[in-house]
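Asks: Take this structure first; my questions come after.
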Amino acid sequence: MGYPVTAPGAAADGRVPGRGGASTMPRMHRRSASPAFRAVGDGAIVAGLLFAGYLFLVVAKSVGTFGFDAFAYWSVDLADPYARTAGALGAFTYSPVIVRLFAPFSMLAFWQFLLLWDGLLVGTAVWLGLGSVRSVLAVFAFPAVALELYHGNVHLLMAAAIWLGFRYPAAWSFVLLTKVTPGVGLAWFVVRREWRSLAIALGVTAALIAVSLAIDGRLWESWLRDSLWATAGGAALNQFSLPVPLWIRVPAALALVVWGGLTDRRWTVPVGATLALPVLWPSGFAILAALWPIRRPSGRG
């Protein structure tokens, strides 16, 4: 019999299932009650918020790259979405399913789309940090989240999908149809023999692909040839990415998630997904924002 599919998090008494009855939450609470530890945490939050302010108030004006990734989503051309080289301004690298999702927004002015898109990302960040004002501020103070809001990528939405995926496995389809390789997180269901959850995640993804193939079959060939393999091969790497090859990172991520599934450590799933990103940009670490709801005592988003 497989593990029961339940809401993520610890039991009401603070015990973590599958960990021999040991409780990690009381230790976390005692540590956070330490004045010295809390002072360090508060200092880190202030420093992170100052970095975010500098990014939006100084860098945005001088460099002019605010919304760099969001521009690719807004400007995607349904006729030839993969024409631009990966890493270039306006390059779109996600599956044809996601092309269809973004294509209608080109009817808006870019500033309107950017306002809506960043509003969605801000709301997602708030939701991930729910629990206390301090927790919400901590999410926004995480430098990768500030970079994510600045560039407008999908990593925060992936963090939300991974967190929701423990309870609603269909959410994994968003991960698989955008960045693809972070799907190694599905090994969690395999190791824990949660076959129903795995079937839902893969089944919903397969259904979306089947519909897309019937409508945009030509785009799938273009995506596989011009975008997916090029990005996985490192074509988009530059001085801002971490130059660790994908063939090293994916097995490491898989091993981490497998170990996490065997020992009931949910935090290994977003960490593994981050490690397995096709290109490891600094903003990609925003996926780790999923750690905030995972570590909440209630375990509920």
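Identifiers for the structure tokens are assigned positionally: chains receive A, B, ... in sequence, residues are indexed from 1 per chain, and ligands are indexed from 1 in the order shown.
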Would you kindly return, as a VMD selection string, each protein, DNA or RNA residue with an atom no farther than 10 Å from any atom of range 64-70 of chain A, considering only C-alpha atoms and excluding same-chain residues fewer than 6 positions away?

Replies: chain A and resid 55 to 56 58 87 to 92 110 to 111 113 to 115 117 to 118 147 to 154

Asks: Would you output that residue set with C-alpha atoms, as a compact mmCIF listing (two decimals), in the first residue's frame?

Replies:
# COMPACT_ATOMS: atom_id res chain seq x y z
CA LEU A 55 16.92 46.90 -7.68
CA PHE A 56 13.66 48.65 -8.52
CA VAL A 58 18.13 52.43 -8.96
CA GLY A 87 18.77 34.01 -24.00
CA ALA A 88 18.00 36.92 -26.35
CA LEU A 89 15.40 39.58 -25.59
CA GLY A 90 11.98 38.18 -26.37
CA ALA A 91 13.12 34.55 -26.63
CA PHE A 92 10.30 32.15 -25.71
CA PHE A 110 3.25 45.90 -22.67
CA TRP A 111 2.92 48.08 -19.57
CA PHE A 113 0.59 43.14 -19.30
CA LEU A 114 3.58 43.83 -17.03
CA LEU A 115 1.30 45.35 -14.41
CA TRP A 117 1.87 39.84 -14.58
CA ASP A 118 3.88 41.36 -11.74
CA LEU A 147 15.15 39.35 -9.05
CA GLU A 148 12.16 37.29 -10.10
CA LEU A 149 9.79 40.22 -9.65
CA TYR A 150 12.23 42.42 -11.53
CA HIS A 151 12.61 40.14 -14.55
CA GLY A 152 9.11 38.62 -14.46
CA ASN A 153 9.86 34.92 -14.99
CA VAL A 154 7.71 31.94 -13.91

Asks: Skipping near chain neighbours, those fewer than 4 positions away, what residues fall within 8 Å of Thr178 in chain A using only C-alpha atoms, listed as a count of residues only?

Replies: 5

Asks: So, counting only C-alpha atoms, which residue among A:Leu57, A:Ala109, A:Leu228, A:Ala201 is closest to Phe71 in chain A?

Replies: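 Of A:Leu57, A:Ala109, A:Leu228, A:Ala201, the one nearest Phe71 in chain A is A:Ala109, counting only C-alpha atoms.
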
Asks: Grab the CA of Trp195 in chain A to CA of Arg296 in chain A distance for me, in Å with one decimal place.

Replies: 26.2 Å

Asks: Taking only C-alpha atoms into account, which of A:Trp247, A:Tyr82, A:Trp267, A:Trp74 comes nearest Ile287 in chain A?

Replies: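 Of A:Trp247, A:Tyr82, A:Trp267, A:Trp74, the one nearest Ile287 in chain A is A:Trp267, counting only C-alpha atoms.
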
Asks: As an exercise, work out the distance from CA of Trp281 in chain A to CA of Trp259 in chain A in Å and give it to one decimal place.

Replies: 25.0 Å

Asks: Run DSSP on the backbone and tell me which residues of range 171-263 of chain A come out as helix (DSSP H, G or I); list them as an mmCIF file with N, CA and C atoms, in the first residue's frame.

Replies:
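Written out: result.cif:
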data_model
loop_
_atom_site.group_PDB
_atom_site.id
_atom_site.type_symbol
_atom_site.label_atom_id
_atom_site.label_comp_id
_atom_site.auth_asym_id
_atom_site.auth_seq_id
_atom_site.Cartn_x
_atom_site.Cartn_y
_atom_site.Cartn_z
ATOM 1 N N ALA A 171 -1.111 20.179 -10.557
ATOM 2 C CA ALA A 171 -0.332 21.421 -10.628
ATOM 3 C C ALA A 171 1.046 21.192 -11.241
ATOM 4 N N TRP A 172 1.534 19.963 -11.174
ATOM 5 C CA TRP A 172 2.850 19.657 -11.744
ATOM 6 C C TRP A 172 2.874 19.846 -13.261
ATOM 7 N N SER A 173 1.726 19.853 -13.906
ATOM 8 C CA SER A 173 1.714 20.021 -15.359
ATOM 9 C C SER A 173 2.320 21.371 -15.745
ATOM 10 N N PHE A 174 2.147 22.387 -14.906
ATOM 11 C CA PHE A 174 2.731 23.697 -15.210
ATOM 12 C C PHE A 174 4.255 23.614 -15.213
ATOM 13 N N VAL A 175 4.811 22.876 -14.270
ATOM 14 C CA VAL A 175 6.268 22.704 -14.206
ATOM 15 C C VAL A 175 6.769 21.956 -15.434
ATOM 16 N N LEU A 176 6.085 20.888 -15.788
ATOM 17 C CA LEU A 176 6.523 20.041 -16.900
ATOM 18 C C LEU A 176 6.398 20.734 -18.252
ATOM 19 N N LEU A 177 5.428 21.619 -18.377
ATOM 20 C CA LEU A 177 5.184 22.276 -19.667
ATOM 21 C C LEU A 177 5.925 23.607 -19.824
ATOM 22 N N THR A 178 6.650 24.014 -18.778
ATOM 23 C CA THR A 178 7.459 25.234 -18.874
ATOM 24 C C THR A 178 8.941 24.874 -18.869
ATOM 25 N N THR A 181 12.679 20.040 -16.981
ATOM 26 C CA THR A 181 13.589 19.223 -16.162
ATOM 27 C C THR A 181 13.322 19.288 -14.657
ATOM 28 N N PRO A 182 12.787 20.376 -14.094
ATOM 29 C CA PRO A 182 12.437 20.333 -12.673
ATOM 30 C C PRO A 182 11.367 19.294 -12.347
ATOM 31 N N GLY A 183 10.809 18.674 -13.383
ATOM 32 C CA GLY A 183 9.865 17.576 -13.165
ATOM 33 C C GLY A 183 10.472 16.390 -12.454
ATOM 34 N N VAL A 184 11.790 16.401 -12.212
ATOM 35 C CA VAL A 184 12.402 15.326 -11.415
ATOM 36 C C VAL A 184 11.761 15.259 -10.039
ATOM 37 N N GLY A 185 11.097 16.347 -9.631
ATOM 38 C CA GLY A 185 10.416 16.341 -8.348
ATOM 39 C C GLY A 185 9.316 15.296 -8.258
ATOM 40 N N LEU A 186 8.840 14.815 -9.405
ATOM 41 C CA LEU A 186 7.813 13.759 -9.407
ATOM 42 C C LEU A 186 8.339 12.445 -8.849
ATOM 43 N N ALA A 187 9.650 12.335 -8.729
ATOM 44 C CA ALA A 187 10.226 11.138 -8.103
ATOM 45 C C ALA A 187 9.722 10.980 -6.672
ATOM 46 N N TRP A 188 9.301 12.071 -6.064
ATOM 47 C CA TRP A 188 8.700 12.022 -4.721
ATOM 48 C C TRP A 188 7.539 11.035 -4.689
ATOM 49 N N PHE A 189 6.657 11.105 -5.681
ATOM 50 C CA PHE A 189 5.507 10.208 -5.727
ATOM 51 C C PHE A 189 5.931 8.772 -6.006
ATOM 52 N N VAL A 190 6.950 8.607 -6.846
ATOM 53 C CA VAL A 190 7.418 7.266 -7.189
ATOM 54 C C VAL A 190 7.978 6.567 -5.964
ATOM 55 N N VAL A 191 8.868 7.243 -5.251
ATOM 56 C CA VAL A 191 9.520 6.656 -4.080
ATOM 57 C C VAL A 191 8.506 6.332 -2.990
ATOM 58 N N TRP A 195 0.968 6.303 -6.365
ATOM 59 C CA TRP A 195 0.739 6.087 -7.795
ATOM 60 C C TRP A 195 -0.418 6.918 -8.323
ATOM 61 N N ARG A 196 -1.420 7.125 -7.503
ATOM 62 C CA ARG A 196 -2.564 7.936 -7.956
ATOM 63 C C ARG A 196 -2.118 9.367 -8.222
ATOM 64 N N SER A 197 -1.334 9.919 -7.325
ATOM 65 C CA SER A 197 -0.838 11.290 -7.510
ATOM 66 C C SER A 197 0.036 11.387 -8.755
ATOM 67 N N LEU A 198 0.894 10.390 -8.950
ATOM 68 C CA LEU A 198 1.757 10.386 -10.131
ATOM 69 C C LEU A 198 0.918 10.293 -11.405
ATOM 70 N N ALA A 199 -0.095 9.439 -11.379
ATOM 71 C CA ALA A 199 -0.946 9.273 -12.556
ATOM 72 C C ALA A 199 -1.701 10.565 -12.882
ATOM 73 N N ILE A 200 -2.149 11.276 -11.850
ATOM 74 C CA ILE A 200 -2.852 12.540 -12.085
ATOM 75 C C ILE A 200 -1.910 13.560 -12.710
ATOM 76 N N ALA A 201 -0.710 13.692 -12.140
ATOM 77 C CA ALA A 201 0.259 14.670 -12.651
ATOM 78 C C ALA A 201 0.605 14.393 -14.107
ATOM 79 N N LEU A 202 0.919 13.140 -14.425
ATOM 80 C CA LEU A 202 1.299 12.793 -15.787
ATOM 81 C C LEU A 202 0.097 12.760 -16.718
ATOM 82 N N GLY A 203 -1.044 12.332 -16.186
ATOM 83 C CA GLY A 203 -2.243 12.243 -17.020
ATOM 84 C C GLY A 203 -2.742 13.602 -17.467
ATOM 85 N N VAL A 204 -2.793 14.564 -16.552
ATOM 86 C CA VAL A 204 -3.232 15.919 -16.915
ATOM 87 C C VAL A 204 -2.256 16.523 -17.923
ATOM 88 N N THR A 205 -0.955 16.316 -17.691
ATOM 89 C CA THR A 205 0.052 16.834 -18.628
ATOM 90 C C THR A 205 -0.119 16.206 -20.008
ATOM 91 N N ALA A 206 -0.313 14.892 -20.049
ATOM 92 C CA ALA A 206 -0.481 14.193 -21.317
ATOM 93 C C ALA A 206 -1.736 14.657 -22.049
ATOM 94 N N ALA A 207 -2.804 14.903 -21.301
ATOM 95 C CA ALA A 207 -4.049 15.369 -21.924
ATOM 96 C C ALA A 207 -3.851 16.746 -22.556
ATOM 97 N N LEU A 208 -3.148 17.627 -21.862
ATOM 98 C CA LEU A 208 -2.888 18.963 -22.410
ATOM 99 C C LEU A 208 -2.005 18.884 -23.653
ATOM 100 N N ILE A 209 -1.031 17.991 -23.618
ATOM 101 C CA ILE A 209 -0.152 17.817 -24.775
ATOM 102 C C ILE A 209 -0.943 17.273 -25.969
ATOM 103 N N ALA A 210 -1.829 16.311 -25.707
ATOM 104 C CA ALA A 210 -2.615 15.706 -26.783
ATOM 105 C C ALA A 210 -3.482 16.749 -27.488
ATOM 106 N N VAL A 211 -4.135 17.601 -26.707
ATOM 107 C CA VAL A 211 -4.962 18.657 -27.292
ATOM 108 C C VAL A 211 -4.091 19.626 -28.080
ATOM 109 N N SER A 212 -2.943 19.978 -27.500
ATOM 110 C CA SER A 212 -2.036 20.911 -28.170
ATOM 111 C C SER A 212 -1.485 20.335 -29.468
ATOM 112 N N LEU A 213 -1.156 19.065 -29.464
ATOM 113 C CA LEU A 213 -0.649 18.414 -30.680
ATOM 114 C C LEU A 213 -1.682 18.469 -31.800
ATOM 115 N N ALA A 214 -2.947 18.301 -31.432
ATOM 116 C CA ALA A 214 -4.007 18.335 -32.442
ATOM 117 C C ALA A 214 -4.172 19.731 -33.042
ATOM 118 N N ILE A 215 -3.872 20.748 -32.245
ATOM 119 C CA ILE A 215 -4.051 22.130 -32.703
ATOM 120 C C ILE A 215 -2.768 22.713 -33.278
ATOM 121 N N ASP A 216 -1.651 22.467 -32.593
ATOM 122 C CA ASP A 216 -0.376 23.106 -32.939
ATOM 123 C C ASP A 216 0.744 22.090 -33.152
ATOM 124 N N GLY A 217 0.454 21.046 -33.892
ATOM 125 C CA GLY A 217 1.453 20.005 -34.099
ATOM 126 C C GLY A 217 2.778 20.529 -34.642
ATOM 127 N N ARG A 218 2.725 21.493 -35.542
ATOM 128 C CA ARG A 218 3.948 22.024 -36.145
ATOM 129 C C ARG A 218 4.824 22.735 -35.115
ATOM 130 N N LEU A 219 4.175 23.322 -34.100
ATOM 131 C CA LEU A 219 4.939 24.036 -33.085
ATOM 132 C C LEU A 219 5.741 23.094 -32.195
ATOM 133 N N TRP A 220 5.235 21.883 -32.000
ATOM 134 C CA TRP A 220 5.960 20.932 -31.159
ATOM 135 C C TRP A 220 7.289 20.536 -31.793
ATOM 136 N N GLU A 221 7.289 20.325 -33.096
ATOM 137 C CA GLU A 221 8.540 20.007 -33.786
ATOM 138 C C GLU A 221 9.532 21.156 -33.653
ATOM 139 N N SER A 222 9.027 22.376 -33.814
ATOM 140 C CA SER A 222 9.880 23.553 -33.704
ATOM 141 C C SER A 222 10.415 23.708 -32.286
ATOM 142 N N TRP A 223 9.559 23.461 -31.296
ATOM 143 C CA TRP A 223 9.987 23.583 -29.894
ATOM 144 C C TRP A 223 11.085 22.586 -29.565
ATOM 145 N N LEU A 224 10.891 21.340 -29.975
ATOM 146 C CA LEU A 224 11.893 20.308 -29.690
ATOM 147 C C LEU A 224 13.220 20.605 -30.386
ATOM 148 N N ARG A 225 13.135 21.090 -31.598
ATOM 149 C CA ARG A 225 14.350 21.305 -32.397
ATOM 150 C C ARG A 225 15.066 22.612 -32.045
ATOM 151 N N ASP A 226 14.296 23.691 -31.937
ATOM 152 C CA ASP A 226 14.907 25.013 -31.843
ATOM 153 C C ASP A 226 15.008 25.568 -30.430
ATOM 154 N N SER A 227 14.256 25.009 -29.497
ATOM 155 C CA SER A 227 14.223 25.608 -28.168
ATOM 156 C C SER A 227 14.644 24.656 -27.066
ATOM 157 N N LEU A 228 13.940 23.531 -26.935
ATOM 158 C CA LEU A 228 14.186 22.632 -25.807
ATOM 159 C C LEU A 228 15.615 22.117 -25.781
ATOM 160 N N TRP A 229 16.068 21.547 -26.899
ATOM 161 C CA TRP A 229 17.416 20.969 -26.917
ATOM 162 C C TRP A 229 18.488 22.046 -26.860
ATOM 163 N N ALA A 230 18.218 23.180 -27.470
ATOM 164 C CA ALA A 230 19.207 24.264 -27.448
ATOM 165 C C ALA A 230 19.419 24.786 -26.028
ATOM 166 N N THR A 231 18.319 24.968 -25.303
ATOM 167 C CA THR A 231 18.433 25.466 -23.932
ATOM 168 C C THR A 231 19.092 24.437 -23.033
ATOM 169 N N ALA A 232 18.679 23.174 -23.160
ATOM 170 C CA ALA A 232 19.260 22.110 -22.339
ATOM 171 C C ALA A 232 20.745 21.944 -22.623
ATOM 172 N N LEU A 246 23.882 20.540 -17.038
ATOM 173 C CA LEU A 246 22.612 19.909 -16.685
ATOM 174 C C LEU A 246 22.783 18.426 -16.398
ATOM 175 N N TRP A 247 23.689 17.763 -17.112
ATOM 176 C CA TRP A 247 23.858 16.320 -16.928
ATOM 177 C C TRP A 247 24.445 15.983 -15.553
ATOM 178 N N ILE A 248 25.001 16.961 -14.883
ATOM 179 C CA ILE A 248 25.469 16.764 -13.504
ATOM 180 C C ILE A 248 24.361 17.107 -12.518
ATOM 181 N N ARG A 249 23.662 18.196 -12.793
ATOM 182 C CA ARG A 249 22.668 18.687 -11.846
ATOM 183 C C ARG A 249 21.415 17.817 -11.759
ATOM 184 N N VAL A 250 20.945 17.298 -12.890
ATOM 185 C CA VAL A 250 19.706 16.500 -12.863
ATOM 186 C C VAL A 250 19.857 15.217 -12.044
ATOM 187 N N PRO A 251 20.928 14.412 -12.232
ATOM 188 C CA PRO A 251 21.085 13.238 -11.369
ATOM 189 C C PRO A 251 21.211 13.598 -9.893
ATOM 190 N N ALA A 252 21.910 14.705 -9.599
ATOM 191 C CA ALA A 252 22.042 15.134 -8.208
ATOM 192 C C ALA A 252 20.681 15.516 -7.636
ATOM 193 N N ALA A 253 19.884 16.222 -8.429
ATOM 194 C CA ALA A 253 18.544 16.616 -7.998
ATOM 195 C C ALA A 253 17.662 15.391 -7.776
ATOM 196 N N LEU A 254 17.754 14.442 -8.687
ATOM 197 C CA LEU A 254 16.967 13.220 -8.568
ATOM 198 C C LEU A 254 17.328 12.455 -7.297
ATOM 199 N N ALA A 255 18.629 12.346 -7.023
ATOM 200 C CA ALA A 255 19.077 11.645 -5.820
ATOM 201 C C ALA A 255 18.563 12.351 -4.560
ATOM 202 N N LEU A 256 18.566 13.682 -4.574
ATOM 203 C CA LEU A 256 18.089 14.444 -3.420
ATOM 204 C C LEU A 256 16.605 14.198 -3.181
ATOM 205 N N VAL A 257 15.803 14.236 -4.249
ATOM 206 C CA VAL A 257 14.356 14.041 -4.101
ATOM 207 C C VAL A 257 14.040 12.614 -3.661
ATOM 208 N N VAL A 258 14.764 11.643 -4.194
ATOM 209 C CA VAL A 258 14.571 10.250 -3.782
ATOM 210 C C VAL A 258 14.848 10.092 -2.295
ATOM 211 N N TRP A 259 15.962 10.655 -1.845
ATOM 212 C CA TRP A 259 16.286 10.603 -0.416
ATOM 213 C C TRP A 259 15.207 11.309 0.401
ATOM 214 N N GLY A 260 14.747 12.459 -0.087
ATOM 215 C CA GLY A 260 13.702 13.183 0.618
ATOM 216 C C GLY A 260 12.401 12.407 0.710
ATOM 217 N N GLY A 261 12.056 11.703 -0.372
ATOM 218 C CA GLY A 261 10.843 10.901 -0.350
ATOM 219 C C GLY A 261 10.937 9.746 0.629
ATOM 220 N N LEU A 262 12.105 9.141 0.724
ATOM 221 C CA LEU A 262 12.306 8.014 1.634
ATOM 222 C C LEU A 262 12.288 8.440 3.095
ATOM 223 N N THR A 263 12.679 9.678 3.364
ATOM 224 C CA THR A 263 12.791 10.165 4.740
ATOM 225 C C THR A 263 11.752 11.226 5.084
#

Asks: Work out how far apart CA of Ala36 in chain A and CA of Ser132 in chain A are and give it in Å to one decimal.

Replies: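 Those two atoms sit 19.7 Å apart.
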
Asks: From the set A:Val126, A:Val244, A:Ile294, A:Val136, which residue has the shortest atom-to-atom contact distance to Leu275 in chain A, counting only C-alpha atoms?

Replies: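 Comparing A:Val126, A:Val244, A:Ile294, A:Val136 against Leu275 in chain A, the winner is A:Val244.
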